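What follows is a single structure, written as structure tokens, with notes after it.
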Amino acid sequence: MTGAQQEGDDQSVSLHLLKQKMADFAKERNWDQFHSPRNLLLAMVGEVGELSEIFQWKGEVPKGLPDWKEDEKVHLGEELSDVLLYLVRLSDICGIDLGKAALRKVELNAIKYPASKNYGTNDDSTAEMCG
């Protein structure tokens, strides 16, 4: 199972649930002592490196990863999850409501990059926001 949403699979996982599971996981192992913002950030950066390695020599990859083997998709899901879980844990330790912060950022981006402006070319200064 890749973790990709399947047809008919309408269960969603909240950031709150992930935050609680990560807090419980750390507490049960007495890892809170190691979960400083700096340590969590550095651990997350390491996981981003592992995620990057998956794509390193693949060139451009089409959406949906149609040419990927199942085990490659499973590995990708694991590394994406590692990054997400460290991010959720870091936001919790820092006292940041990640969901609210993300929604606020989307609103700020909507102001900064209004839909009325054409962003359809990748040769202008807004190309970084097209994906």
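The chains in the structure tokens are called A, B, ... from first to last as shown; in each chain the residues are counted from 1, and the ligands are counted from 1 in the order shown.
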Residue contacts of A:Leu87 (9 Å, only C-alpha atoms) excluding same-chain residues fewer than 4 positions away, as a list in words: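 The residues satisfying every condition are Leu40, Leu41, Met44, Asp82, Val83, Ser91, Asp92 and Leu98 of chain A.
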Distance query A:Leu65 at most 12 Å, only C-alpha atoms, self and fewer than 5 positions along chain excluded, as a list in words: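 Near neighbours after the sequence-gap exclusion: Thr2, Ala4, Phe55, Lys58, Glu60, Glu70, Glu72, Lys73, Val74 and Leu76 of chain A.
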So that I have them on file, write out the residues from the current selection with all heavy atoms, as an mmCIF file, in the first residue's frame.
```cif
data_model
loop_
_atom_site.group_PDB
_atom_site.id
_atom_site.type_symbol
_atom_site.label_atom_id
_atom_site.label_comp_id
_atom_site.auth_asym_id
_atom_site.auth_seq_id
_atom_site.Cartn_x
_atom_site.Cartn_y
_atom_site.Cartn_z
ATOM 1 N N THR A 2 0.659 2.133 -0.944
ATOM 2 C CA THR A 2 1.517 3.296 -1.117
ATOM 3 C C THR A 2 1.131 4.475 -0.255
ATOM 4 O O THR A 2 1.907 5.396 -0.088
ATOM 5 C CB THR A 2 1.487 3.777 -2.591
ATOM 6 O OG1 THR A 2 0.159 4.186 -2.903
ATOM 7 C CG2 THR A 2 1.951 2.702 -3.527
ATOM 8 N N ALA A 4 -1.251 6.293 -1.250
ATOM 9 C CA ALA A 4 -1.969 7.134 -2.196
ATOM 10 C C ALA A 4 -3.461 6.914 -1.993
ATOM 11 O O ALA A 4 -3.893 5.812 -1.676
ATOM 12 C CB ALA A 4 -1.572 6.782 -3.629
ATOM 13 N N PHE A 55 14.514 11.264 -6.376
ATOM 14 C CA PHE A 55 14.304 11.938 -7.654
ATOM 15 C C PHE A 55 15.607 12.315 -8.358
ATOM 16 O O PHE A 55 15.578 12.763 -9.499
ATOM 17 C CB PHE A 55 13.479 13.214 -7.431
ATOM 18 C CG PHE A 55 12.046 12.943 -7.085
ATOM 19 C CD1 PHE A 55 11.649 12.860 -5.761
ATOM 20 C CD2 PHE A 55 11.099 12.785 -8.076
ATOM 21 C CE1 PHE A 55 10.324 12.612 -5.436
ATOM 22 C CE2 PHE A 55 9.771 12.540 -7.763
ATOM 23 C CZ PHE A 55 9.378 12.456 -6.439
ATOM 24 N N LYS A 58 16.251 10.901 -11.988
ATOM 25 C CA LYS A 58 15.073 10.517 -12.772
ATOM 26 C C LYS A 58 14.679 11.549 -13.824
ATOM 27 O O LYS A 58 13.817 11.279 -14.648
ATOM 28 C CB LYS A 58 13.886 10.246 -11.846
ATOM 29 C CG LYS A 58 14.062 8.984 -11.014
ATOM 30 C CD LYS A 58 12.762 8.542 -10.422
ATOM 31 C CE LYS A 58 12.883 7.285 -9.619
ATOM 32 N NZ LYS A 58 13.028 6.087 -10.423
ATOM 33 N N GLU A 60 12.737 14.819 -15.308
ATOM 34 C CA GLU A 60 11.366 15.241 -15.036
ATOM 35 C C GLU A 60 10.477 14.010 -14.918
ATOM 36 O O GLU A 60 10.608 13.069 -15.696
ATOM 37 C CB GLU A 60 10.848 16.168 -16.134
ATOM 38 C CG GLU A 60 11.444 17.558 -16.087
ATOM 39 C CD GLU A 60 11.190 18.262 -14.762
ATOM 40 O OE1 GLU A 60 10.073 18.191 -14.237
ATOM 41 O OE2 GLU A 60 12.128 18.902 -14.257
ATOM 42 N N GLU A 70 5.856 -0.211 -7.999
ATOM 43 C CA GLU A 70 5.134 -0.103 -6.727
ATOM 44 C C GLU A 70 6.088 0.116 -5.557
ATOM 45 O O GLU A 70 5.823 0.940 -4.675
ATOM 46 C CB GLU A 70 4.278 -1.346 -6.500
ATOM 47 C CG GLU A 70 3.410 -1.273 -5.258
ATOM 48 C CD GLU A 70 2.342 -0.190 -5.295
ATOM 49 O OE1 GLU A 70 2.005 0.316 -6.382
ATOM 50 O OE2 GLU A 70 1.848 0.171 -4.221
ATOM 51 N N GLU A 72 8.937 1.586 -5.564
ATOM 52 C CA GLU A 72 9.447 2.955 -5.607
ATOM 53 C C GLU A 72 8.421 3.922 -5.006
ATOM 54 O O GLU A 72 8.791 4.861 -4.289
ATOM 55 C CB GLU A 72 9.757 3.375 -7.042
ATOM 56 C CG GLU A 72 10.943 2.660 -7.654
ATOM 57 C CD GLU A 72 11.167 3.056 -9.102
ATOM 58 O OE1 GLU A 72 10.226 2.942 -9.904
ATOM 59 O OE2 GLU A 72 12.293 3.490 -9.417
ATOM 60 N N LYS A 73 7.151 3.683 -5.299
ATOM 61 C CA LYS A 73 6.098 4.532 -4.743
ATOM 62 C C LYS A 73 5.979 4.346 -3.236
ATOM 63 O O LYS A 73 5.775 5.314 -2.495
ATOM 64 C CB LYS A 73 4.760 4.237 -5.420
ATOM 65 C CG LYS A 73 4.709 4.690 -6.865
ATOM 66 C CD LYS A 73 3.355 4.396 -7.475
ATOM 67 C CE LYS A 73 3.285 4.837 -8.916
ATOM 68 N NZ LYS A 73 1.952 4.579 -9.498
ATOM 69 N N VAL A 74 6.140 3.130 -2.781
ATOM 70 C CA VAL A 74 6.116 2.870 -1.333
ATOM 71 C C VAL A 74 7.260 3.612 -0.659
ATOM 72 O O VAL A 74 7.073 4.280 0.366
ATOM 73 C CB VAL A 74 6.178 1.354 -1.040
ATOM 74 C CG1 VAL A 74 6.449 1.093 0.433
ATOM 75 C CG2 VAL A 74 4.897 0.665 -1.478
ATOM 76 N N LEU A 76 8.845 6.268 -1.742
ATOM 77 C CA LEU A 76 8.534 7.697 -1.798
ATOM 78 C C LEU A 76 7.561 8.073 -0.686
ATOM 79 O O LEU A 76 7.754 9.077 0.009
ATOM 80 C CB LEU A 76 7.949 8.063 -3.162
ATOM 81 C CG LEU A 76 7.486 9.501 -3.332
ATOM 82 C CD1 LEU A 76 8.630 10.483 -3.128
ATOM 83 C CD2 LEU A 76 6.838 9.684 -4.693
#
```
Å distance separating atom CA of A:Lys27 from atom CA of A:Ser12, one decimal place: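 Straight-line distance from atom CA of A:Lys27 to atom CA of A:Ser12 works out to 24.7 Å.
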Sort by chain and increasing residue number a table of all residues of stretch 57-112 of chain A within 9 Å of stretch 21-25 of chain A, each with its closest pair of atoms and their distance in Å to one decimal, counting only C-alpha atoms, and write it as a Markdown table.
```
| residue | atom | partner | partner_atom | distance |
| --- | --- | --- | --- | --- |
| A:Leu85 | CA | A:Met22 | CA | 7.3 |
| A:Tyr86 | CA | A:Met22 | CA | 8.7 |
| A:Val88 | CA | A:Met22 | CA | 8.0 |
| A:Arg89 | CA | A:Met22 | CA | 6.4 |
| A:Asp92 | CA | A:Ala23 | CA | 8.4 |
```
Atoms kept (all heavy atoms) for selection, written as a CSV table (one decimal), in the first residue's frame:
```
chain,number,residue,atom,x,y,z
A,85,LEU,N,6.1,14.1,9.2
A,85,LEU,CA,6.1,13.9,10.6
A,85,LEU,C,7.1,14.8,11.4
A,85,LEU,O,6.7,15.3,12.5
A,85,LEU,CB,6.3,12.4,10.9
A,85,LEU,CG,5.2,11.5,10.4
A,85,LEU,CD1,5.6,10.0,10.6
A,85,LEU,CD2,3.9,11.7,11.1
A,86,TYR,N,8.3,15.0,10.9
A,86,TYR,CA,9.2,15.9,11.5
A,86,TYR,C,8.7,17.3,11.5
A,86,TYR,O,8.8,18.1,12.5
A,86,TYR,CB,10.6,15.8,10.9
A,86,TYR,CG,11.5,14.8,11.5
A,86,TYR,CD1,11.9,13.7,10.7
A,86,TYR,CD2,11.8,14.8,12.8
A,86,TYR,CE1,12.7,12.7,11.2
A,86,TYR,CE2,12.6,13.8,13.4
A,86,TYR,CZ,13.1,12.8,12.6
A,86,TYR,OH,13.9,11.8,13.1
A,88,VAL,N,5.5,18.3,11.4
A,88,VAL,CA,4.4,18.3,12.4
A,88,VAL,C,4.9,18.4,13.8
A,88,VAL,O,4.5,19.2,14.7
A,88,VAL,CB,3.4,17.1,12.3
A,88,VAL,CG1,2.5,17.0,13.4
A,88,VAL,CG2,2.7,17.3,10.9
A,89,ARG,N,5.9,17.6,14.1
A,89,ARG,CA,6.5,17.6,15.5
A,89,ARG,C,7.2,18.9,15.7
A,89,ARG,O,7.1,19.5,16.8
A,89,ARG,CB,7.5,16.4,15.6
A,89,ARG,CG,8.2,16.3,16.9
A,89,ARG,CD,7.2,15.8,18.0
A,89,ARG,NE,7.9,15.5,19.2
A,89,ARG,CZ,7.4,15.7,20.4
A,89,ARG,NH1,6.1,16.1,20.6
A,89,ARG,NH2,8.0,15.4,21.5
A,92,ASP,N,4.7,21.6,16.5
A,92,ASP,CA,4.2,21.3,17.9
A,92,ASP,C,5.1,21.8,18.9
A,92,ASP,O,4.7,22.6,19.8
A,92,ASP,CB,3.9,19.9,18.0
A,92,ASP,CG,3.2,19.6,19.4
A,92,ASP,OD1,2.5,20.4,19.9
A,92,ASP,OD2,3.3,18.4,19.8
```
Surrounding residues of A:Glu79 excluding itself and chain neighbours under 5 positions, 9 Å, only C-alpha atoms, as an MDAnalysis selection string: chainID A and resid 47:48 50:51 54 74 84
Can those selected residues be exported to a file as an mmCIF file, in the first residue's frame so that it contains all heavy atoms?
```
data_model
loop_
_atom_site.group_PDB
_atom_site.id
_atom_site.type_symbol
_atom_site.label_atom_id
_atom_site.label_comp_id
_atom_site.auth_asym_id
_atom_site.auth_seq_id
_atom_site.Cartn_x
_atom_site.Cartn_y
_atom_site.Cartn_z
ATOM 1 N N GLU A 47 15.950 14.153 6.257
ATOM 2 C CA GLU A 47 14.898 13.406 5.567
ATOM 3 C C GLU A 47 14.580 14.024 4.209
ATOM 4 O O GLU A 47 14.287 13.305 3.246
ATOM 5 C CB GLU A 47 13.635 13.322 6.428
ATOM 6 C CG GLU A 47 13.801 12.522 7.699
ATOM 7 C CD GLU A 47 14.186 11.062 7.470
ATOM 8 O OE1 GLU A 47 13.936 10.522 6.363
ATOM 9 O OE2 GLU A 47 14.738 10.460 8.405
ATOM 10 N N VAL A 48 14.653 15.344 4.101
ATOM 11 C CA VAL A 48 14.462 15.997 2.806
ATOM 12 C C VAL A 48 15.566 15.549 1.847
ATOM 13 O O VAL A 48 15.311 15.312 0.663
ATOM 14 C CB VAL A 48 14.426 17.537 2.937
ATOM 15 C CG1 VAL A 48 14.505 18.218 1.576
ATOM 16 C CG2 VAL A 48 13.174 17.980 3.673
ATOM 17 N N GLU A 50 17.028 12.610 1.899
ATOM 18 C CA GLU A 50 16.664 11.255 1.484
ATOM 19 C C GLU A 50 15.547 11.294 0.440
ATOM 20 O O GLU A 50 15.560 10.514 -0.522
ATOM 21 C CB GLU A 50 16.250 10.414 2.685
ATOM 22 C CG GLU A 50 17.416 10.101 3.616
ATOM 23 C CD GLU A 50 17.021 9.229 4.787
ATOM 24 O OE1 GLU A 50 16.057 8.441 4.652
ATOM 25 O OE2 GLU A 50 17.678 9.326 5.838
ATOM 26 N N LEU A 51 14.602 12.197 0.604
ATOM 27 C CA LEU A 51 13.527 12.364 -0.368
ATOM 28 C C LEU A 51 14.104 12.827 -1.714
ATOM 29 O O LEU A 51 13.723 12.316 -2.775
ATOM 30 C CB LEU A 51 12.512 13.379 0.170
ATOM 31 C CG LEU A 51 11.334 13.737 -0.711
ATOM 32 C CD1 LEU A 51 10.494 12.504 -1.038
ATOM 33 C CD2 LEU A 51 10.482 14.797 -0.016
ATOM 34 N N ILE A 54 15.615 10.174 -4.080
ATOM 35 C CA ILE A 54 14.691 9.365 -4.870
ATOM 36 C C ILE A 54 14.529 9.942 -6.272
ATOM 37 O O ILE A 54 14.434 9.216 -7.258
ATOM 38 C CB ILE A 54 13.320 9.254 -4.161
ATOM 39 C CG1 ILE A 54 13.478 8.502 -2.841
ATOM 40 C CG2 ILE A 54 12.285 8.587 -5.058
ATOM 41 C CD1 ILE A 54 12.234 8.496 -1.979
ATOM 42 N N VAL A 74 6.140 3.130 -2.781
ATOM 43 C CA VAL A 74 6.116 2.870 -1.333
ATOM 44 C C VAL A 74 7.260 3.612 -0.659
ATOM 45 O O VAL A 74 7.073 4.280 0.366
ATOM 46 C CB VAL A 74 6.178 1.354 -1.040
ATOM 47 C CG1 VAL A 74 6.449 1.093 0.433
ATOM 48 C CG2 VAL A 74 4.897 0.665 -1.478
ATOM 49 N N LEU A 84 6.989 14.960 6.625
ATOM 50 C CA LEU A 84 5.763 15.477 7.224
ATOM 51 C C LEU A 84 5.755 15.305 8.733
ATOM 52 O O LEU A 84 5.421 16.239 9.474
ATOM 53 C CB LEU A 84 4.537 14.778 6.620
ATOM 54 C CG LEU A 84 3.192 15.129 7.258
ATOM 55 C CD1 LEU A 84 2.866 16.606 7.083
ATOM 56 C CD2 LEU A 84 2.092 14.248 6.697
#
```
Point-to-point distance from atom CA of A:Ser52 to atom CA of A:Leu80, Å rounded to tenths: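 Answer for the atom CA of A:Ser52 to atom CA of A:Leu80 separation: 10.0 Å.
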Atom CA of A:Ser81 to atom CA of A:Leu18, distance in Å rounded to a single decimal: 10.6 Å
Option closest in space to A:Asn39, from A:Ile96, A:Ala102, A:Ile111, A:Leu90 [counting only C-alpha atoms]: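 Going through A:Ile96, A:Ala102, A:Ile111, A:Leu90 one by one, the smallest distance to A:Asn39 is for A:Leu90.
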Per-residue DSSP, chain A, filtered to helix (DSSP H, G or I), as a ChimeraX atom specification: /A:15-28,32-34,37-55,70-94,98-112,127-129
